[in-house]
$ cat start.txt   # compact mmCIF, C-alpha atoms and all ligand atoms
# COMPACT_ATOMS: atom_id res chain seq x y z
CA MET A 1 -82.62 23.90 135.39
CA PRO A 2 -85.29 23.49 138.11
CA LEU A 3 -84.89 24.96 141.56
CA GLN A 4 -83.14 22.49 143.83
CA LEU A 5 -83.92 22.35 147.55
CA HIS A 6 -81.41 20.51 149.72
CA ALA A 7 -83.66 19.54 152.57
CA HIS A 8 -85.19 16.88 154.76
CA PRO A 9 -88.98 16.53 155.13
CA PHE A 10 -88.79 16.11 158.94
CA SER A 11 -86.77 19.30 159.53
CA SER A 12 -88.75 22.28 160.82
CA TYR A 13 -86.68 24.84 158.90
CA CYS A 14 -87.12 22.82 155.71
CA GLN A 15 -90.87 22.62 156.29
CA LYS A 16 -90.89 26.41 156.64
CA VAL A 17 -89.59 26.68 153.06
CA LEU A 18 -91.71 23.76 151.79
CA VAL A 19 -94.83 25.62 152.98
CA ALA A 20 -93.76 28.63 150.88
CA LEU A 21 -93.11 26.43 147.82
CA TYR A 22 -96.42 24.57 148.22
CA GLU A 23 -98.38 27.80 148.76
CA ASN A 24 -97.43 28.86 145.25
CA GLN A 25 -97.12 25.42 143.62
CA THR A 26 -93.55 26.39 142.75
CA PRO A 27 -91.84 23.52 140.89
CA PHE A 28 -88.59 22.31 142.46
CA GLU A 29 -86.43 19.24 142.80
CA MET A 30 -86.00 17.88 146.33
CA ARG A 31 -82.38 16.91 147.08
CA LEU A 32 -83.11 14.63 150.03
CA LEU A 33 -80.54 14.98 152.82
CA GLU A 34 -80.25 11.32 153.72
CA GLY A 35 -76.86 9.59 153.62
CA GLU A 36 -73.24 10.71 153.44
CA SER A 37 -73.05 11.74 149.79
CA ALA A 38 -76.07 14.06 150.14
CA MET A 39 -74.45 15.63 153.22
CA ARG A 40 -71.14 16.05 151.35
CA GLU A 41 -73.01 17.83 148.56
CA LEU A 42 -74.60 20.12 151.18
CA ALA A 43 -71.21 20.86 152.82
CA ALA A 44 -69.76 21.82 149.44
CA LEU A 45 -72.58 24.34 148.97
CA TRP A 46 -72.67 25.66 152.52
CA PRO A 47 -69.90 24.67 154.95
CA MET A 48 -72.12 25.47 157.95
CA LYS A 49 -74.06 22.35 156.88
CA ARG A 50 -77.34 23.85 158.08
CA PHE A 51 -80.36 23.22 155.95
CA PRO A 52 -82.42 23.97 153.91
CA VAL A 53 -80.30 25.38 151.06
CA LEU A 54 -81.82 26.47 147.76
CA VAL A 55 -79.92 26.38 144.45
CA ASP A 56 -81.27 28.40 141.54
CA GLY A 57 -78.88 28.12 138.58
CA ASP A 58 -75.64 29.71 139.75
CA ARG A 59 -77.14 31.16 142.93
CA THR A 60 -77.07 29.43 146.30
CA ILE A 61 -79.35 30.77 149.02
CA PHE A 62 -79.27 29.70 152.66
CA GLU A 63 -81.34 30.64 155.74
CA ALA A 64 -85.01 29.70 155.51
CA SER A 65 -86.32 33.27 155.80
CA CYS A 66 -83.94 34.47 153.05
CA ILE A 67 -84.95 31.55 150.82
CA ILE A 68 -88.61 32.56 151.18
CA GLU A 69 -87.74 36.20 150.47
CA TYR A 70 -85.82 35.03 147.40
CA LEU A 71 -88.76 32.93 146.18
CA ASP A 72 -91.07 35.89 146.72
CA ILE A 73 -88.86 38.06 144.48
CA HIS A 74 -87.78 35.60 141.79
CA HIS A 75 -90.51 32.92 141.72
CA PRO A 76 -93.66 34.72 142.89
CA GLY A 77 -97.10 33.15 142.92
CA ALA A 78 -100.64 33.75 144.12
CA THR A 79 -99.64 33.90 147.82
CA LYS A 80 -97.55 37.03 148.37
CA LEU A 81 -95.41 35.97 151.32
CA VAL A 82 -93.69 39.33 151.93
CA PRO A 83 -96.02 42.30 151.52
CA VAL A 84 -95.08 45.05 149.06
CA ASP A 85 -95.96 47.68 151.67
CA ARG A 86 -92.67 48.23 153.54
CA ASP A 87 -94.25 48.88 156.90
CA LEU A 88 -96.39 45.73 156.71
CA ALA A 89 -93.32 43.82 155.49
CA LEU A 90 -91.49 45.01 158.62
CA GLU A 91 -94.26 43.56 160.80
CA VAL A 92 -94.08 40.26 158.90
CA ARG A 93 -90.30 40.09 159.38
CA MET A 94 -90.63 41.00 163.06
CA LEU A 95 -93.05 38.11 163.61
CA ASP A 96 -90.80 35.83 161.56
CA ARG A 97 -87.93 36.70 163.96
CA PHE A 98 -90.25 36.05 166.93
CA PHE A 99 -91.03 32.50 165.78
CA ASP A 100 -87.40 31.81 164.92
CA ASN A 101 -85.74 33.24 168.03
CA TYR A 102 -88.31 32.64 170.76
CA ILE A 103 -90.17 29.48 169.63
CA SER A 104 -87.76 27.50 167.44
CA THR A 105 -84.46 28.32 169.20
CA PRO A 106 -85.60 27.25 172.70
CA GLN A 107 -87.43 24.22 171.21
CA GLN A 108 -84.20 23.11 169.54
CA LYS A 109 -82.36 23.52 172.86
CA PHE A 110 -84.52 20.68 174.25
CA ILE A 111 -83.87 18.52 171.18
CA PHE A 112 -80.10 19.06 171.04
CA ASP A 113 -79.90 18.35 174.75
CA ARG A 114 -81.67 15.00 174.28
CA LEU A 115 -79.09 14.11 171.63
CA ARG A 116 -76.12 14.80 173.95
CA PRO A 117 -74.40 12.13 176.02
CA GLU A 118 -76.01 11.95 179.48
CA ALA A 119 -72.97 13.49 181.19
CA ALA A 120 -72.94 16.51 178.84
CA ARG A 121 -76.60 17.46 179.31
CA ASP A 122 -77.43 21.03 180.30
CA ALA A 123 -80.40 20.93 182.69
CA HIS A 124 -80.03 24.63 183.52
CA GLY A 125 -80.08 25.65 179.85
CA VAL A 126 -83.11 23.45 179.17
CA ALA A 127 -85.00 24.98 182.11
CA GLU A 128 -84.21 28.45 180.75
CA ALA A 129 -85.45 27.37 177.31
CA GLY A 130 -88.70 26.12 178.89
CA ARG A 131 -89.24 29.49 180.57
CA MET A 132 -88.57 31.28 177.29
CA LEU A 133 -91.14 29.09 175.52
CA ASP A 134 -93.74 29.74 178.24
CA THR A 135 -93.16 33.50 177.95
CA ALA A 136 -93.39 33.28 174.14
CA TYR A 137 -96.63 31.24 174.30
CA ALA A 138 -98.16 33.83 176.67
CA TRP A 139 -97.16 36.74 174.43
CA LEU A 140 -98.43 34.94 171.32
CA ASP A 141 -101.75 34.15 172.98
CA GLN A 142 -102.41 37.87 173.42
CA ARG A 143 -101.07 38.67 169.97
CA MET A 144 -103.41 36.16 168.30
CA GLN A 145 -106.55 37.45 170.04
CA GLY A 146 -108.92 38.29 167.16
CA ARG A 147 -106.31 37.48 164.50
CA GLU A 148 -106.30 34.81 161.83
CA TRP A 149 -102.63 35.05 160.80
CA ALA A 150 -99.53 36.30 162.60
CA ALA A 151 -99.07 39.62 160.77
CA GLY A 152 -101.48 41.69 158.73
CA ASP A 153 -104.60 39.86 157.57
CA ARG A 154 -103.02 37.44 155.10
CA PHE A 155 -100.92 34.29 155.31
CA SER A 156 -97.26 35.35 155.08
CA LEU A 157 -93.61 34.48 155.66
CA ALA A 158 -94.32 34.73 159.40
CA ASP A 159 -96.90 31.91 159.20
CA CYS A 160 -94.54 29.72 157.13
CA GLY A 161 -92.21 29.53 160.15
CA ALA A 162 -94.94 29.54 162.79
CA ALA A 163 -96.46 26.35 161.35
CA PRO A 164 -93.57 23.90 161.90
CA PHE A 165 -92.15 25.70 164.93
CA LEU A 166 -95.42 25.62 166.92
CA PHE A 167 -96.04 22.08 165.67
CA TYR A 168 -92.80 20.77 167.18
CA ALA A 169 -92.78 23.15 170.18
CA ASP A 170 -96.08 21.67 171.38
CA TRP A 171 -94.61 18.17 171.10
CA THR A 172 -91.51 19.25 173.02
CA HIS A 173 -92.80 21.60 175.73
CA PRO A 174 -96.60 21.50 175.55
CA ILE A 175 -98.50 24.75 175.11
CA ASP A 176 -100.70 25.34 178.18
CA ALA A 177 -104.36 24.50 177.43
CA GLY A 178 -105.29 27.99 178.69
CA PHE A 179 -103.56 29.57 175.69
CA GLU A 180 -106.61 28.98 173.51
CA ASN A 181 -105.60 31.51 170.84
CA VAL A 182 -102.27 29.76 170.33
CA HIS A 183 -103.94 26.33 170.10
CA ALA A 184 -106.52 27.66 167.63
CA TYR A 185 -103.76 29.23 165.52
CA ARG A 186 -101.74 25.98 165.57
CA GLN A 187 -104.86 24.11 164.38
CA ARG A 188 -105.46 26.69 161.62
CA LEU A 189 -101.89 26.19 160.45
CA LEU A 190 -102.31 22.39 160.49
CA ALA A 191 -105.43 22.77 158.33
CA ARG A 192 -103.65 24.95 155.77
CA PRO A 193 -103.12 22.65 152.72
CA SER A 194 -99.47 23.68 152.23
CA PHE A 195 -98.53 22.76 155.81
CA ALA A 196 -100.82 19.70 155.92
CA ARG A 197 -98.86 18.39 152.93
CA ALA A 198 -95.50 19.04 154.63
CA VAL A 199 -96.72 17.25 157.79
CA ASP A 200 -97.93 14.26 155.75
CA GLU A 201 -94.64 13.99 153.86
CA ALA A 202 -92.75 13.98 157.18
CA ARG A 203 -94.88 11.20 158.75
CA PRO A 204 -92.56 8.35 157.68
CA TYR A 205 -89.73 9.99 159.67
CA ARG A 206 -91.52 10.46 163.01
CA ASN A 207 -89.26 7.88 164.61
CA TYR A 208 -86.45 10.48 164.21
CA PHE A 209 -87.98 12.66 166.94
CA PRO A 210 -85.64 12.41 169.95
CA GLY A 211 -87.55 11.00 172.91
CA GLY A 212 -90.36 9.72 170.65
CA ALA A 213 -93.10 11.56 168.76
CA PRO A 214 -96.54 11.79 170.40
CA ASP A 215 -99.36 9.86 168.72
CA ARG A 216 -101.28 12.88 167.42
CA ASP A 217 -101.32 15.59 164.73
N1 LIG B 301 -80.82 29.58 160.75
C1 LIG B 301 -81.05 28.43 159.90
C2 LIG B 301 -81.30 27.23 160.80
C3 LIG B 301 -81.42 25.95 160.02
C4 LIG B 301 -81.32 24.73 160.92
O1 LIG B 301 -80.94 24.82 162.12
N2 LIG B 301 -81.61 23.58 160.34
C5 LIG B 301 -81.44 22.34 161.06
C6 LIG B 301 -82.46 21.34 160.57
S1 LIG B 301 -84.09 21.80 161.17
C7 LIG B 301 -80.06 21.80 160.77
O2 LIG B 301 -79.46 22.21 159.81
N3 LIG B 301 -79.58 20.89 161.58
C8 LIG B 301 -78.30 20.27 161.36
C9 LIG B 301 -77.28 20.68 162.37
O3 LIG B 301 -77.63 21.34 163.35
O4 LIG B 301 -76.11 20.31 162.17
C10 LIG B 301 -82.24 28.71 158.97
O5 LIG B 301 -83.07 29.58 159.30
O6 LIG B 301 -82.33 28.09 157.89
$ encode --input "start.txt" --output "structure tokens" --more "lines below"
Ligand SMILES: N[C@@H](CCC(=O)N[C@@H](CS)C(=O)NCC(=O)O)C(=O)O
Amino acid sequence: MPLQLHAHPFSSYCQKVLVALYENQTPFEMRLLEGESAMRELAALWPMKRFPVLVDGDRTIFEASCIIEYLDIHHPGATKLVPVDRDLALEVRMLDRFFDNYISTPQQKFIFDRLRPEAARDAHGVAEAGRMLDTAYAWLDQRMQGREWAAGDRFSLADCGAAPFLFYADWTHPIDAGFENVHAYRQRLLARPSFARAVDEARPYRNYFPGGAPDRD
């Protein structure tokens, strides 16, 4: 039975896993999360109803980082996404947490707020999220000075998440033009064939972006 990925092409966390699958040309079946029956199937697998979820035979794996770790162990390919060296792997995981907690989480705060009824909006929380993103962009700009990829000198798990999270973060709360290293890194990620493919596959859904997607990228 092929790997099954319950996912949506426009979702950043799904793109994180799609990048890993495309890096290694790993065959899989996409279980597109559109419509009620697809969502019911997801809820039966994972009651939290967060996606992506990977099914491999009788195993169900959730959380994008864990799915990529699982692929790296059980369906490896030419791109080693988690280094064998434990200390380097720690650095990769640390950067993966950075992109998840300090880029994606505050970016999603903006998006969820736009989806709330006007009266339930949280201006204070959104302002805090904006400050967190600005601090994260500044830290990342220094981090990326002289670097090609986020951790070590190879493309890794950390870059799989960085690609969609920086992509959408710049749409949501633009990265200051002065952070040239972050912009250059975002462009490098956009040029990576695995992520370029994920971005292209998500194009038909750009009207889903709350507040409207910018006409670029
Ligand atoms: N911690 C999860 C987060 C996944 C996540 O938030 N996915 C979004 C789509 S990008 C989702 O499930 N949204 C549906 C919802 O919030 O109900 C992971 O790393 O996989």
$ residues_near_ligand --input "start.txt" --ligand "ligand LIG 301 (chain B)" --cutoff "9 Å" --atoms "only C-alpha atoms and all ligand atoms" --output "ChimeraX atom specification"
/A:7-8,10-17,48-53,62-67,100,105,108,112
$ closest_residue --input "start.txt" --among "A:Ala150, A:Thr172, A:Ala162, A:Pro106" --to "Gly212 of chain A" --atoms "only C-alpha atoms"
A:Thr172
$ closest_residue --input "start.txt" --among "A:Asp159, A:Met39, A:Trp171, A:Asp87" --to "Ile111 of chain A" --atoms "all atoms listed in the file"
A:Trp171
$ closest_residue --input "start.txt" --among "A:Met1, A:Leu90, A:Gly152, A:Cys160" --to "Ala196 of chain A" --atoms "all atoms listed in the file"
A:Cys160
$ closest_residue --input "start.txt" --among "A:Glu69, A:Phe99, A:His6, A:Ala198" --to "Glu29 of chain A" --atoms "all atoms listed in the file"
A:His6
$ closest_residue --input "start.txt" --among "A:Lys109, A:Pro174, A:Trp46, A:Leu54" --to "Leu18 of chain A" --atoms "only C-alpha atoms"
A:Leu54
$ closest_atom_pairs --input "start.txt" --of "segment 94-199 of chain A" --to "segment 20-24 of chain A" --cutoff "10 Å" --atoms "all atoms listed in the file" --output "CSV"
residue,atom,partner,partner_atom,distance
A:Phe155,CA,A:Glu23,CA,9.6
A:Ser156,CA,A:Ala20,CA,8.7
A:Leu157,CA,A:Ala20,CA,7.6
A:Asp159,CA,A:Ala20,CA,9.5
A:Cys160,CA,A:Ala20,CA,6.4
A:Gly161,CA,A:Ala20,CA,9.4
A:Arg192,CA,A:Glu23,CA,9.2
A:Pro193,CA,A:Glu23,CA,8.0
A:Ser194,CA,A:Tyr22,CA,5.1
A:Phe195,CA,A:Tyr22,CA,8.1
A:Arg197,CA,A:Tyr22,CA,8.1
A:Ala198,CA,A:Tyr22,CA,8.5
$ atom_distance --input "start.txt" --atom1 "atom CA of Thr60 of chain A" --atom2 "atom CA of Phe98 of chain A"
25.4 Å
$ closest_residue --input "start.txt" --among "A:Arg86, A:Arg203, A:Arg116, A:His75" --to "Phe28 of chain A" --atoms "all atoms listed in the file"
A:His75
$ atom_distance --input "start.txt" --atom1 "atom CA of Gln107 of chain A" --atom2 "atom CA of Ala169 of chain A"
5.6 Å
$ atom_distance --input "start.txt" --atom1 "atom CA of Tyr70 of chain A" --atom2 "atom CA of Pro9 of chain A"
20.3 Å
$ axis_aligned_box --input "start.txt" --around "segment 149-157 of chain A" --padding-each-side "6 Å" --output "lines of an AutoDock Vina configuration file"
center_x = -99.1
center_y = 38.0
center_z = 158.8
size_x = 23.0
size_y = 19.4
size_z = 19.5
$ residues_around --input "start.txt" --residues "Asp170 of chain A" --least-positions-apart "5" --cutoff "12 Å" --atoms "all atoms listed in the file" --output "number ranges by chain"
A: 103-104, 106-107, 110, 130, 133-134, 137, 162-165, 175-177, 179, 182-183, 186-187, 213-214, 216-217
